[in-house]
Each structure stands twice: as C-alpha cells, then as structure tokens.
file model16.tsv (TSV, C-alpha atoms)
chain	number	residue	atom	x	y	z
S	83	MET	CA	29.88	-73.18	-24.14
S	84	CYS	CA	26.33	-71.84	-24.40
S	85	GLY	CA	27.55	-68.41	-23.39
S	86	LEU	CA	30.13	-68.43	-26.18
S	87	CYS	CA	27.50	-69.43	-28.73
S	88	TYR	CA	25.24	-66.63	-27.55
S	89	PHE	CA	28.12	-64.17	-27.90
S	90	TYR	CA	28.83	-65.19	-31.49
S	91	LEU	CA	25.12	-65.14	-32.33
S	92	SER	CA	24.80	-61.58	-31.00
S	93	ILE	CA	27.71	-60.48	-33.20
S	94	LEU	CA	26.21	-62.09	-36.30
S	95	THR	CA	22.81	-60.47	-35.76
S	96	GLN	CA	24.12	-57.04	-34.77
S	97	VAL	CA	23.17	-54.09	-36.97
S	98	SER	CA	23.80	-50.39	-36.50
S	99	SER	CA	20.67	-48.61	-35.29
S	100	SER	CA	19.44	-45.24	-34.01
S	101	THR	CA	16.15	-43.80	-32.78
S	102	LEU	CA	14.75	-40.37	-33.61
S	103	LYS	CA	11.69	-38.34	-32.64
S	104	VAL	CA	9.94	-36.12	-35.18
S	105	VAL	CA	7.00	-33.77	-34.55
S	106	GLY	CA	4.56	-33.33	-37.43
S	107	PHE	CA	1.68	-30.87	-37.82
S	108	PHE	CA	-1.77	-32.01	-38.86
S	109	GLY	CA	-2.46	-31.18	-42.52
S	110	HIS	CA	1.19	-30.34	-43.26
S	111	ASN	CA	3.97	-32.34	-44.89
S	112	VAL	CA	6.42	-34.03	-42.54
S	113	THR	CA	9.80	-35.59	-43.36
S	114	LEU	CA	11.37	-38.55	-41.55
S	115	PRO	CA	15.17	-38.46	-42.06
S	116	CYS	CA	17.25	-41.38	-43.26
S	117	THR	CA	20.59	-40.87	-45.05
S	118	TYR	CA	23.84	-42.65	-45.84
S	119	ASP	CA	27.21	-41.94	-47.49
S	120	SER	CA	26.64	-42.69	-51.17
S	121	GLN	CA	30.27	-41.93	-52.06
S	122	THR	CA	31.42	-44.75	-49.79
S	123	HIS	CA	28.66	-47.33	-50.39
S	124	GLY	CA	27.25	-46.30	-53.77
S	125	VAL	CA	23.49	-46.56	-54.35
S	126	LEU	CA	21.97	-48.84	-51.69
S	127	SER	CA	18.72	-50.74	-51.51
S	128	PHE	CA	16.46	-49.66	-48.65
S	129	CYS	CA	12.96	-49.93	-47.23
S	130	TRP	CA	10.55	-48.08	-44.95
S	131	GLY	CA	8.05	-49.78	-42.63
S	132	ARG	CA	5.34	-48.75	-40.16
S	133	GLU	CA	7.07	-50.55	-37.28
S	134	MET	CA	10.52	-50.77	-35.78
S	135	VAL	CA	13.05	-52.36	-38.11
S	136	PRO	CA	13.17	-56.11	-37.52
S	137	ARG	CA	16.20	-58.36	-38.04
S	138	TYR	CA	15.37	-58.79	-41.70
S	139	LYS	CA	13.89	-56.32	-44.21
S	140	CYS	CA	11.08	-54.03	-42.93
S	141	ALA	CA	7.89	-54.78	-41.05
S	142	ASP	CA	4.64	-53.57	-42.71
S	143	THR	CA	6.59	-52.16	-45.66
S	144	ILE	CA	5.26	-48.90	-47.15
S	145	VAL	CA	8.19	-48.01	-49.45
S	146	SER	CA	11.06	-50.13	-50.74
S	147	SER	CA	13.77	-49.56	-53.32
S	148	GLU	CA	16.36	-51.78	-54.91
S	149	ASP	CA	19.40	-50.38	-56.72
S	150	GLY	CA	17.76	-46.94	-57.01
S	151	ALA	CA	14.41	-48.19	-58.39
S	152	VAL	CA	11.27	-47.94	-56.24
S	153	LEU	CA	9.58	-51.33	-56.05
S	154	VAL	CA	6.87	-50.72	-53.45
S	155	ARG	CA	4.89	-47.57	-52.60
S	156	GLU	CA	1.85	-48.20	-50.47
S	157	SER	CA	0.37	-44.72	-51.00
S	158	PRO	CA	1.13	-41.66	-53.18
S	159	ARG	CA	1.31	-39.71	-49.91
S	160	TYR	CA	4.66	-41.42	-49.25
S	161	GLN	CA	7.30	-39.59	-51.27
S	162	LEU	CA	11.09	-39.65	-51.53
S	163	LEU	CA	11.79	-35.97	-52.19
S	164	GLY	CA	15.52	-36.05	-51.44
S	165	ARG	CA	18.33	-37.03	-53.81
S	166	VAL	CA	18.18	-40.81	-53.51
S	167	THR	CA	21.32	-41.26	-55.61
S	168	ASP	CA	23.17	-38.97	-53.18
S	169	GLY	CA	22.15	-41.06	-50.17
S	170	ASP	CA	19.07	-39.10	-49.04
S	171	VAL	CA	16.23	-41.62	-48.69
S	172	SER	CA	14.21	-39.55	-46.20
S	173	LEU	CA	10.48	-40.31	-46.25
S	174	THR	CA	8.09	-37.37	-46.73
S	175	ILE	CA	4.43	-37.87	-45.75
S	176	LEU	CA	2.17	-35.47	-47.63
S	177	ASP	CA	-0.80	-33.92	-45.82
S	178	ALA	CA	-0.05	-35.73	-42.56
S	179	GLN	CA	-3.06	-36.99	-40.59
S	180	TRP	CA	-3.56	-38.04	-36.97
S	181	SER	CA	-3.47	-41.69	-38.07
S	182	ASP	CA	0.10	-41.22	-39.38
S	183	ALA	CA	1.48	-40.97	-35.86
S	184	GLY	CA	3.59	-43.88	-34.72
S	185	VAL	CA	6.94	-45.60	-35.24
S	186	TYR	CA	8.56	-45.83	-38.69
S	187	GLY	CA	11.62	-47.90	-39.53
S	188	CYS	CA	14.20	-47.31	-42.27
S	189	ARG	CA	16.65	-50.09	-43.24
S	190	LEU	CA	19.72	-49.40	-45.36
S	191	GLU	CA	21.04	-52.61	-46.90
S	192	ILE	CA	24.83	-52.23	-46.87
S	193	PRO	CA	26.67	-55.01	-48.71
S	194	GLY	CA	28.41	-57.54	-46.51
S	195	TRP	CA	27.42	-59.73	-43.65
S	196	PHE	CA	25.24	-58.06	-41.05
S	197	ASN	CA	26.23	-54.51	-42.08
S	198	ASP	CA	22.72	-53.08	-42.47
S	199	GLU	CA	21.89	-49.78	-40.79
S	200	LYS	CA	18.46	-49.09	-39.36
S	201	VAL	CA	16.81	-45.87	-38.22
S	202	ASN	CA	13.65	-45.97	-36.09
S	203	THR	CA	11.63	-42.75	-35.98
S	204	ASP	CA	8.78	-41.94	-33.60
S	205	LEU	CA	6.38	-39.55	-35.36
S	206	VAL	CA	4.29	-37.41	-32.99
S	207	MET	CA	1.39	-35.48	-34.53
S	208	GLU	CA	0.30	-32.09	-33.17
S	209	GLU	CA	-2.16	-29.37	-34.11
S	210	ALA	CA	-0.60	-26.82	-36.46
S	211	PRO	CA	-0.06	-23.39	-34.82
S	212	VAL	CA	-2.43	-20.67	-35.98
S	213	GLU	CA	-0.63	-17.94	-37.88
S	214	GLN	CA	-2.20	-14.54	-37.23
S	215	PRO	CA	-1.49	-11.67	-39.62
S	216	VAL	CA	0.13	-8.69	-37.92
S	217	THR	CA	-0.92	-5.24	-39.12
S	218	GLU	CA	-0.50	-1.75	-37.72
S	219	ASP	CA	-2.95	1.07	-37.01
S	220	TRP	CA	-2.11	4.48	-38.47
S	221	THR	CA	-3.40	8.00	-37.86
S	222	LEU	CA	-2.85	11.22	-39.76
S	223	THR	CA	-1.87	14.22	-37.64
S	224	ALA	CA	-2.73	17.83	-38.45
S	225	ALA	CA	0.64	18.25	-40.16
S	226	GLY	CA	-0.07	15.27	-42.40
S	227	THR	CA	2.48	12.96	-40.76
S	228	GLN	CA	1.69	9.34	-39.90
S	229	GLU	CA	1.91	7.87	-36.42
S	230	ILE	CA	1.79	4.19	-35.42
S	231	LEU	CA	-0.81	3.63	-32.69
S	232	ALA	CA	-0.83	-0.11	-31.97
S	233	THR	CA	-0.65	-3.58	-33.44
S	234	SER	CA	-3.97	-5.30	-34.15
S	235	MET	CA	-5.80	-7.47	-36.61
S	236	THR	CA	-7.04	-4.60	-38.79
S	237	THR	CA	-5.57	-1.37	-40.13
S	238	ASN	CA	-7.39	1.84	-39.17
S	239	VAL	CA	-6.85	5.42	-40.23
S	240	ASP	CA	-8.16	7.97	-37.72
S	241	PHE	CA	-9.05	11.05	-39.75
S	242	GLY	CA	-12.50	11.88	-38.37
S	243	ASP	CA	-14.10	9.27	-40.62
S	244	PRO	CA	-15.17	5.63	-40.07
S	245	THR	CA	-12.55	2.88	-40.20
S	246	LEU	CA	-10.88	2.51	-43.59
S	247	ASP	CA	-8.96	-0.41	-45.07
S	248	ILE	CA	-5.30	-0.61	-45.99
S	249	SER	CA	-5.86	1.34	-49.22
S	250	ALA	CA	-6.50	4.42	-47.08
S	251	VAL	CA	-3.02	4.06	-45.63
S	252	SER	CA	-1.58	4.05	-49.14
S	253	THR	CA	-3.49	7.25	-49.89
S	254	ALA	CA	-2.18	8.80	-46.69
S	255	GLU	CA	1.37	7.92	-47.67
S	256	LYS	CA	0.88	9.56	-51.06
S	257	PHE	CA	-0.56	12.64	-49.32
S	258	LYS	CA	2.48	12.83	-47.06
S	259	ALA	CA	4.80	12.60	-50.05
S	260	PHE	CA	2.83	15.40	-51.74
S	261	LEU	CA	3.23	17.60	-48.66
S	262	GLU	CA	6.95	16.98	-48.64
S	263	VAL	CA	7.18	18.04	-52.27
S	264	GLY	CA	5.10	21.16	-51.41
S	265	ASN	CA	7.52	22.07	-48.63
S	266	ILE	CA	10.40	21.94	-51.12
S	267	GLY	CA	8.45	24.16	-53.53
S	268	ARG	CA	7.76	26.72	-50.82
S	269	ALA	CA	11.43	26.76	-49.83
S	270	VAL	CA	12.44	27.38	-53.45
S	271	ALA	CA	9.89	30.21	-53.75
S	272	ILE	CA	11.20	31.88	-50.59
S	273	PHE	CA	14.77	31.58	-51.84
S	274	LEU	CA	13.89	33.14	-55.21
S	275	SER	CA	11.98	35.97	-53.50
S	276	ALA	CA	15.01	36.75	-51.34
S	277	ILE	CA	17.24	36.87	-54.43
S	278	ILE	CA	14.85	39.27	-56.17
S	279	ILE	CA	14.73	41.58	-53.12
S	280	ILE	CA	18.53	41.64	-52.92
S	281	LEU	CA	18.81	42.45	-56.63
S	282	ILE	CA	16.31	45.33	-56.28
S	283	PHE	CA	18.23	46.71	-53.32
S	284	VAL	CA	21.54	46.56	-55.21
S	285	PHE	CA	19.96	48.17	-58.30
S	286	ARG	CA	18.62	51.10	-56.29
S	287	ARG	CA	21.95	51.73	-54.58
S	288	ARG	CA	23.82	51.77	-57.88
S	289	PHE	CA	21.50	54.01	-59.90
S	290	LEU	CA	19.73	56.37	-57.47
S	291	PRO	CA	22.88	58.30	-56.34
S	292	LYS	CA	23.64	59.27	-59.93
S	293	ARG	CA	20.24	60.84	-60.30
S	294	THR	CA	20.62	62.76	-57.04
S	295	LEU	CA	23.98	64.10	-58.19
S	296	GLN	CA	22.45	65.47	-61.41
S	297	HIS	CA	20.17	67.90	-59.52
S	298	PRO	CA	22.95	70.03	-57.88
S	299	ASP	CA	24.62	70.50	-61.26
S	300	THR	CA	21.44	71.74	-62.82
S	301	SER	CA	20.75	74.11	-59.96
S	302	THR	CA	24.27	75.60	-60.25
S	303	ALA	CA	23.89	76.20	-63.96
S	304	GLU	CA	20.57	77.93	-63.47
S	305	ASN	CA	22.10	80.18	-60.78
S	306	ILE	CA	24.88	81.19	-63.19
S	307	TYR	CA	22.41	82.16	-65.89
S	308	GLU	CA	20.43	84.16	-63.39
S	309	VAL	CA	23.53	86.15	-62.37
S	310	LEU	CA	24.34	86.89	-65.98
call {"tool": "encode", "arguments": {"input": "model16.tsv", "output": "structure tokens"}}
result
Amino acid sequence: MCGLCYFYLSILTQVSSSTLKVVGFFGHNVTLPCTYDSQTHGVLSFCWGREMVPRYKCADTIVSSEDGAVLVRESPRYQLLGRVTDGDVSLTILDAQWSDAGVYGCRLEIPGWFNDEKVNTDLVMEEAPVEQPVTEDWTLTAAGTQEILATSMTTNVDFGDPTLDISAVSTAEKFKAFLEVGNIGRAVAIFLSAIIIILIFVFRRRFLPKRTLQHPDTSTAENIYEVL
C-alpha cells in the first residue's frame, strides 16, 4: 500500500527537466538558454533562480515574469534579449564576472497539473582568449613589386630605411600601380614608334623609284640634243 502511494506521489510531483552546461568568458555577455513552443502553449509565466529548480517556483529568484510582464529583476545585468512572446526566455548576463559562476534554474509554468518544465544550467566562467591582430611584413624589390616576408605583430617595409608603419605599405601599393601604368605607356610608345617606322619605309618605297626613273629620261634627252 505504501509503495502504491509513493508511486502516485512521484507521478503528481513529476516535472520535465533537463541540465545544460554553458561556458562564459569573464567581462563578456553570456546567455543561458531556455525556450518553449509559444504556438502550442501561448505566452507562459516563468522564472529564473540562482539554484536548481525546486518543486515549486524558483529558488533565489533573480527574474520572474507573469503573462509576458516582468515582475522581478534582481539586477539590470540580467536581461531577456530574446523574443519572450515567441517563447525565447533565455537569460543574458551582461559583463559576466567570476561570481556569476554556478547553477541557474529556469521554470516554465505550463497550464495544467504538474506540467511545468525546468531547465538547470551550470555556468562555468573562464578567462577570455586574447585576440592578437595579425599583420604582414612587406618589402619592395628593385622592380617595385611587393613580397610578403612573414606574419608578425607589426608591418615593416624594407627599403633601406628604418621600419615604417602601415601607411608606407599604402604608398608602396600606389607606387606599384604607378609603375604598372608606366609600363603600359612605354608599350604604347613602342607600338606608335613601330607604326611610324613602317609608314616611313612604305613612303620611301612608293616615291623614291619614281625619282630614279626620271634621271634616265633626262639623260636620253640631253644625248639627243648633243647629237643634233
């Protein structure tokens, strides 16, 4: 008989639950997920606490909402940045600190007997990774082209002068572009020179033979007059 009572009691007190683990970085925002199907249940009341979700409500409540309206917010660092009306009641902690580490509980109050859902989240705080800027070293060759030497923290231009900043690289790129334009100009000049030479050669071949043919005629006429 006692066993049967215990069985019914366990059914009456049963709620759906899950446990998550989230890693947050010190000084950054961190979001603890908690969602439900708003199309099925509509807008639900919910709460967030700093401990695992108990059998009723939330322990050490930090945020609570009823019918879409926030009733309790322990600190402005606790924000609901998702679409609450669409079922996203995830908790975002702004500027997370080491003291924020620990277990958080989210209870979703689904209408009906013992239908509530609860999500327990273990927040682990870690040091944020250091982001190092990646730049490239450049050198100018004798032909004015650029070559990548290595990846380092600064950008150097090896041109026989001390180290320059990134603006020197921009100048080098402009210089390279200028040289490319100069190469095109030289090619055009060579092409035009070749055309002029060809035209001169054709002109001489067309007009010089006529002049050479005029001299024999003149000599013949003079010889005739001399005979007469």
call {"tool": "atom_distance", "arguments": {"input": "model16.tsv", "atom1": "atom CA of S:Gly150", "atom2": "atom CA of S:Tyr118"}}
result
13.4 Å
call {"tool": "closest_residue", "arguments": {"input": "model16.tsv", "among": "S:Val171, S:Val145, S:Pro115, S:Ile280", "to": "S:Lys103", "atoms": "all atoms listed in the file"}}
result
S:Pro115
call {"tool": "atom_distance", "arguments": {"input": "model16.tsv", "atom1": "atom CA of S:Ile144", "atom2": "atom CA of S:Val104"}}
result
18.1 Å
call {"tool": "axis_aligned_box", "arguments": {"input": "model16.tsv", "around": "stretch 275-281 of chain S", "padding_each_side": "3 Å", "output": "AutoDock Vina command-line options"}}
result
--center_x 15.4 --center_y 39.2 --center_z -54.0 --size_x 12.8 --size_y 12.5 --size_z 11.3
call {"tool": "residues_around", "arguments": {"input": "model16.tsv", "residues": "stretch 107-113 of chain S", "least_positions_apart": "5", "cutoff": "12 Å", "atoms": "all atoms listed in the file", "output": "VMD selection string"}}
result
chain S and resid 102 159 to 164 170 to 183 186 203 to 212
call {"tool": "closest_residue", "arguments": {"input": "model16.tsv", "among": "S:Arg287, S:Arg165, S:Arg268, S:Arg155", "to": "S:Gly131", "atoms": "all atoms listed in the file"}}
result
S:Arg155
